[in-house]
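Asker: Before we start, here is the structure in question, set down as C-alpha cells.
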Amino acid sequence: MIELRNFSYTYGTADTPALKNINLEVQKGELLLVTGHSAAGKTTLALAMAGILHHELGGKIEGSISFKNRDIKSFDGMKELSRHTGMVFDDAESQLIFTTVEEEILSGLENRGHPENEIQRRLNEVMELCEISHLKHRAPHTLSGGQKQKVALAATLALDTEVLILDEATAELDTQAVRKVFSVLKRLKEAGKTIIIVDHNVEDFLEIGDRVVLLEKGEIKALKSPSDFAAFIEDSDLSSNGREYSRPQKEGQPVISVKKLTQRYGDFTALDNLDLEIYSGELVAILGENGSGKTTLVKHFNGLLRPYSGNVAVKGLDTSRVPINELVKHTGLVFQNPDNMLFEDTVEAEISFGLTNTGISGSQAAEAIARSLELVNLKGKEKVFPRHLSRGERQRLAVACVIAMQPELIVLDEPTTGLDAEESDRMMKLMKRLQQEGHTIVMVTHNMQIVKNHAERVIRMVSGKIVEDSANEIPGSLNKEIERSEGKCAEGGVAV
Amino acid sequence: MKEIMQYINRDSFLHRMNPLSKIAAVTGIILLSVFTTDSAVLGLLVLGIFLASLKAGLHQELLRQLKLLVFLSLTLILLTIFTLKSGETIGYLIPAGTLTAAGLVPITTGALDFGTVLSMRFFAMLFSFQLLVVTTKPSDLMKALLEIHIPVDYVLMFVIALRFIPSLQVEGQRIHEAQLARGYNPGKGIRGKIRSVKPILVPLVANSLGRTQVLGLTMDMRGYRSRQSAEKHRLSWNRTDVAAVGFVALMGIGVLITGIM
C-alpha cells in the first residue's frame with residue numbers, strides 16, 4: 001500500500017534530518033504501530049505516509065515514497081490523496097472547524113458528494129460507533145478534551161478512506177474510551193482497512209497490531225512483532241525499580257479540608273456534596289474518567305472556583321473569604337497545558353513573574369529561581385526563550401514557576417499528558433523529590449500506570465462524587481517491605 | 001460566559017429564511033447605510049432590524065452589543081465635533097468663561113448630525129450582520145457563500161474566524177486562570193487592563209498561531225479543495241425571504257430616486 005525507500009527528510013527550518021534513511025513497506029490491510037520517544041520522528045513519518053510532506057510542507061526530501069504502487073509525488077496534491085487517506089492529528093481542537101458536532105462530521109461527507117440518504121446513514125453510524133450521538137448539537141468549545149478527540153476521529157472515520165493514520169489521537173481519552181477506539185479499529189481492520197497508529201504509548205493496541213516500528217532519532221531502531229515488542233518493553237520497564245515512600249502524617253490541621261462541597265454550572269452539578277481532607281506530606285492521585293469533576297475539584301484548592309455551597313479551607317483559610325492571590329501562596333496549581341502560561345522572553349523572567357506577584361524580589365528571588373530550576377533539572381537554561389524548550393521541558397518549567405513560590409501544596413492537573421514514558425518518569429521523580437522536601441502533592445490524572453507506580457493515596461471520582469478513597473496497594477505493600485527490610489516497626493496503616 | 005457571534009439553535013422565522021436571501025438583505029443594508037446620509041432612512045433601518053430581532057426573540061443578543069455601540073457612537077460624535085464645523089453653533093464643549101471668554105470647541109448642528117449618521121451606520125451594519133450570523137448555521141452560510149462563487153479559501157477563513165471566537169474566549173479564560181494561579185493580580189481599571197495584556201495575549205496569540213498548520217491540513221484531508229458539491233436539498237425561498245430582500249431593495253431604490261431628484 002505504502003512503501004518508503006531510503007527516505008530521508010529535513011524540515012525547511014532545521015539543520016538535522018527528522019527522518020533518516022527509512023525503508024518500510026505497509027501492506028494493504030495491515031495495522032502498523034509506530035512508537036518512540038518525543039522528537040523521534042513519529043509525526044514526521046505519519047505526515048510522510050499521508051503525502052503531506054511532499055505536497056504541503058516542502059523541506060528537503062531524499063528517497064521516495066510510493067502509494068498504491070504510484071510515486072506519491074505524482075498524485076494531484078492532497079486533493080487526490082485525501083480520497084484514499086484519512087488522518088487524525090493530536091490537537092483535537094484545531095480539527096474542529098464547525099460549530100456543531102453534526103456539521104463537523106457532515107462537512108467531509110458533503111465535500112465528497114455522497115447522496116443525501118447515504119450521508120445520513122454514515123453520520124448516524126459513525127456517531128454511534130464513537131459514542132457521540134448525544135453530543136450531536138453541541139459546539140466544539142463546550143466539549144472536553146476527550147470528547148473533542150472522539151469527534152475528530154468520527155469526522156475522519158466518516159470519510160471511509162482505505163488508509164487511516166492516527167497521530168497521538170487518543171492521548172486525552174480515558175481508558176474506557178481508548179478501549180472503544182480499540183474495538184472500532186479492530187472492526188475496521190477486519191473490513192480490510194490499512195491502519196497506522198502513531199503514539200508514544202502503543203501498548204493499548206498491541207493486541208490488534210501486526211507490526212511495531214520503534215523510531216529513535218529519526219531512524220527505525222527496531223521492527224518487531226507485537227508479542228516481541230511487549231516482551232521488549234517488559235524488560236526495559238521503568239516501574240520495576242524500587243522506590244522509597246515516606247509515610248504521611250495524618251495529624252494536626254489538614255492542608256485541604258473540603259466539607260459538603262457542591263459546584264454547579266447552570267443545571268449541571270459538577271461536584272456533588274463532597275467531603276475530603278488532605279494532610280501534610282501526602283501524595284494523592286485523583287482519578288476519574290473525562291468529565292468526572294477532577295479539575296473542578298482542584299480549582300477549589302486555590303480559590304479559582306468558590307463553593308456553590310459547602311466549604312473549602314486551605315491551611316485553615318476559608319477560600320470563599322480569602323483573595324486568590326493570598327491563597328496561591330499556599331497552593332501551587334500547575335495546569336495541563338504549559339503553553340497557557342508561558343509568555344516571557346526568558347525562562348528566568350517566566351519564574352520571576354510569580355515571585356514578583358507574591359512580593360518576592362532581589363536576592364531572595366534569584367535564590368528561588370536557581371533552586372527551582374535545579375529541582376526541575378533545567379539549570380543552565382535561564383536565558384532560553386521558553387517556547388523553544390521541548391514539551392517535557394516546558395511542562396517542567398511550568399512546575400518550576402509554581403514551586404519557586406514555595407507553596408506547601410502542589411496540585412498538578414494531568415502532569416504527564418503529552419509526555420513520553422521517559423519524560424513522564426522524570427516528572428514523577430520530581431514529584432517524589434518535592435514530597436521529600438516537605439510539599440504535599442495532589443495530581444489529577446487518568447493515567448492508571450502513573451497512579452499504580454507512584455501514588456500513595458488514590459481518590460476515584462465518578463460524576464462529581466468521590467466513590468473511592470484508599471491507600472494504593474502496590475506502593476503500600478512495597479512501603480511495608482522497605483520498612484521491614486530496614487527493621488522499622490510498621491505500626492499503623494500506611495498511606496491511608 | 002456568554003458567547004458572542006455564535007449560531008443560536010432555535011426555530012425563528014429568521015432561521016427559516018434562505019441563507020442567500022439573508023446574505024443579500026445584509027449586503028443591501030450595509031450598502032444602503034454606507035450610501036445614505038439621511039438619518040431618517042438609517043433610523044428606519046435600525047428600527048426594522050430591531051423589530052425583526054424582537055419577533056424572532058433574539059433582541060437580547062443585539063442588546064448585548066449596546067454597550068460597545070454606545071461607546072463607539074459617543075466617540076464618533078466627539079470626533080466629529082472636533083473635526084467638523086458646519087451649520088449652527090449650539091454651544092461649546094468648553095463653555096464660555098471657563099478658559100476663554102468666547103468658549104472653545106464649538107458644537108455645531110452639522111457635526112452632531114454627521115456623528116449621529118455615522119453611529120447609526122454602525123448600528124445598522126453590526127445588528128444586521130449579527131442577526132445573519134446567529135440565525136444561520138455556519139455550514140449553510142458556507143454553502144450559500146460558495147453558491148455565489150466566493151472562493152472557497154475566503155469562505156473557510158470567514159467560517160473559521162467565527163468558529164474560533166468562543167474557543168478563544170475559553171482559552172483566554174484558561175490562560176487567565178493559569179496566571180491567577182501564579183499570583184497575578186493586574187488590578188482594576190484601565191491600568192490593570194493594560195498590565196494584563198501581555199500575560200494573557202502572548203500565550204493566546206502564540207497558541208493560535210501554533211494551531212494553524214493542523215487546521216489547514218485537516219481541511220485538506222476532509223477534501224475542501226476537491227469539493228464536489230451535491231446539493232440535494234437546496235433551501236427554498238419563502239415569503240419572508242421575498243419580503244426581506246424586497247424591503248431592502250425598495251429602500252435602496254427610494255434612496256436612489258431621492259438622490260437623483
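In the C-alpha cells, the first chain shown is A, the next is B, and so on; residue numbers restart at 1 for each chain, and ligands run from 1 in the order shown.
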I'd like the contact shell of stretch 391-405 of chain A - 9 Å cut-off, only C-alpha atoms, skipping same-chain residues fewer than 6 positions apart - returned as a PyMOL selection string.

Answerer: (chain A and resi 38+328-339+341-342+347+350-355+358+360+365+368-378+412+415-416+418-420+423-424+427+430+434) or (chain B and resi 181-182)

Asker: Extract, using only C-alpha atoms, all DNA, RNA and protein residues at most 10 Å from A:Gln253, discarding same-chain residues fewer than 3 positions from it, and format them as a count of residues only.

Answerer: 10

Asker: Distance atom CA of A:Val88-atom CA of A:Leu164, one decimal place?

Answerer: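 Separating atom CA of A:Val88 from atom CA of A:Leu164 is a distance of 8.0 Å.
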
Asker: Name the residues in contact with stretch 35-51 of chain B at a cut-off of 10 Å, using only C-alpha atoms, excluding same-chain residues fewer than 4 positions from it; report them as a PyMOL selection string.

Answerer: chain B and resi 29-31+55-59+62-63+113-114+116-128+131+247-248+251-252+254-256+259

Asker: Quick check for you: according to DSSP on this backbone, which residues of stretch 182-376 of chain A are classed as helix (DSSP H, G or I)? Reply as a PyMOL selection string.

Answerer: chain A and resi 182-190+203-205+226-235+238-240+294-299+324-327+338-340+347-357+362-375

Asker: Quick one: pull the distance between atom CA of B:Glu147 and atom CA of B:Thr212, Å, one decimal.

Answerer: 26.0 Å

Asker: Could you please tell me, as a compact mmCIF listing (two decimals) with C-alpha atoms, in the first residue's frame, which residues of chain A have an atom within 8 Å of chain B when using only C-alpha atoms?

Answerer:
```
# COMPACT_ATOMS: atom_id res chain seq x y z
CA MET A 78 -3.78 16.37 -1.08
CA LYS A 79 -6.89 16.87 -3.15
CA GLU A 80 -6.42 13.43 -4.64
CA SER A 82 -7.27 12.74 0.78
CA ARG A 83 -9.67 10.46 -1.11
CA THR A 85 -6.08 8.54 3.25
CA GLY A 86 -7.69 9.94 6.36
CA MET A 87 -5.57 11.36 9.14
CA VAL A 88 -6.38 12.34 12.71
CA PHE A 89 -3.94 14.70 14.41
CA ASP A 91 -4.53 18.58 18.55
CA SER A 94 -7.76 22.52 15.66
CA GLN A 95 -9.50 19.75 13.78
CA LEU A 96 -12.95 21.00 14.55
CA ILE A 97 -13.92 23.59 12.01
CA PHE A 98 -17.65 23.94 12.51
CA THR A 99 -19.93 24.98 15.30
CA GLU A 103 -21.84 19.69 10.97
CA SER A 107 -18.58 18.51 6.28
CA GLY A 108 -16.27 15.86 4.88
CA GLU A 110 -20.73 16.60 1.73
CA ASN A 111 -17.42 17.52 0.14
CA ARG A 112 -17.19 14.04 -1.27
CA GLY A 113 -20.54 14.43 -2.94
CA HIS A 114 -22.25 11.40 -1.43
CA PRO A 115 -26.02 11.14 -1.94
CA GLU A 116 -28.23 12.50 0.83
CA HIS A 141 -15.69 24.60 22.60
CA THR A 156 -12.29 11.19 9.74
CA LEU A 159 -14.87 9.61 5.15
CA ASN A 302 -6.54 27.81 45.27
CA LEU A 304 -10.15 29.80 41.26
CA ILE A 324 -6.92 34.27 45.37
CA ASN A 325 -3.53 36.00 45.33
CA GLU A 326 -3.25 35.16 49.02
CA VAL A 328 -1.75 30.91 45.79
CA LYS A 329 1.00 31.34 48.34
CA GLY A 332 0.50 25.99 43.60
CA LEU A 333 -1.66 24.76 40.74
CA VAL A 334 0.04 23.59 37.54
CA PHE A 335 -2.33 23.24 34.62
CA ASP A 339 1.63 26.89 26.82
CA ASN A 340 -1.30 28.55 28.54
CA MET A 341 1.01 30.32 30.94
CA LEU A 342 4.38 30.92 29.28
CA PHE A 343 4.66 34.46 27.96
CA GLU A 344 8.01 35.93 28.98
CA PHE A 353 6.72 36.66 37.28
CA GLY A 354 5.07 34.63 40.04
CA ASN A 357 3.36 38.83 42.12
CA THR A 358 3.77 37.46 45.61
CA CYS A 401 7.19 28.60 38.11
CA VAL A 402 4.89 27.26 40.78
```

Asker: Write down as a CSV table (one decimal) with C-alpha atoms, in the first residue's frame the residues of stretch 6-246 of chain B whose backbone DSSP state falls under strand (DSSP E or B).

Answerer:
```
chain,number,residue,atom,x,y,z
B,89,THR,CA,-23.4,76.6,16.7
B,90,ILE,CA,-25.5,75.4,19.6
B,91,GLY,CA,-22.9,75.5,22.3
B,92,TYR,CA,-19.3,74.9,23.3
B,93,LEU,CA,-17.6,71.8,24.6
B,94,ILE,CA,-15.6,74.0,26.9
B,104,LEU,CA,-13.7,76.6,23.0
B,105,VAL,CA,-14.6,73.7,20.6
B,106,PRO,CA,-17.9,74.8,19.2
B,107,ILE,CA,-20.6,72.2,18.9
B,108,THR,CA,-22.4,72.6,15.5
```
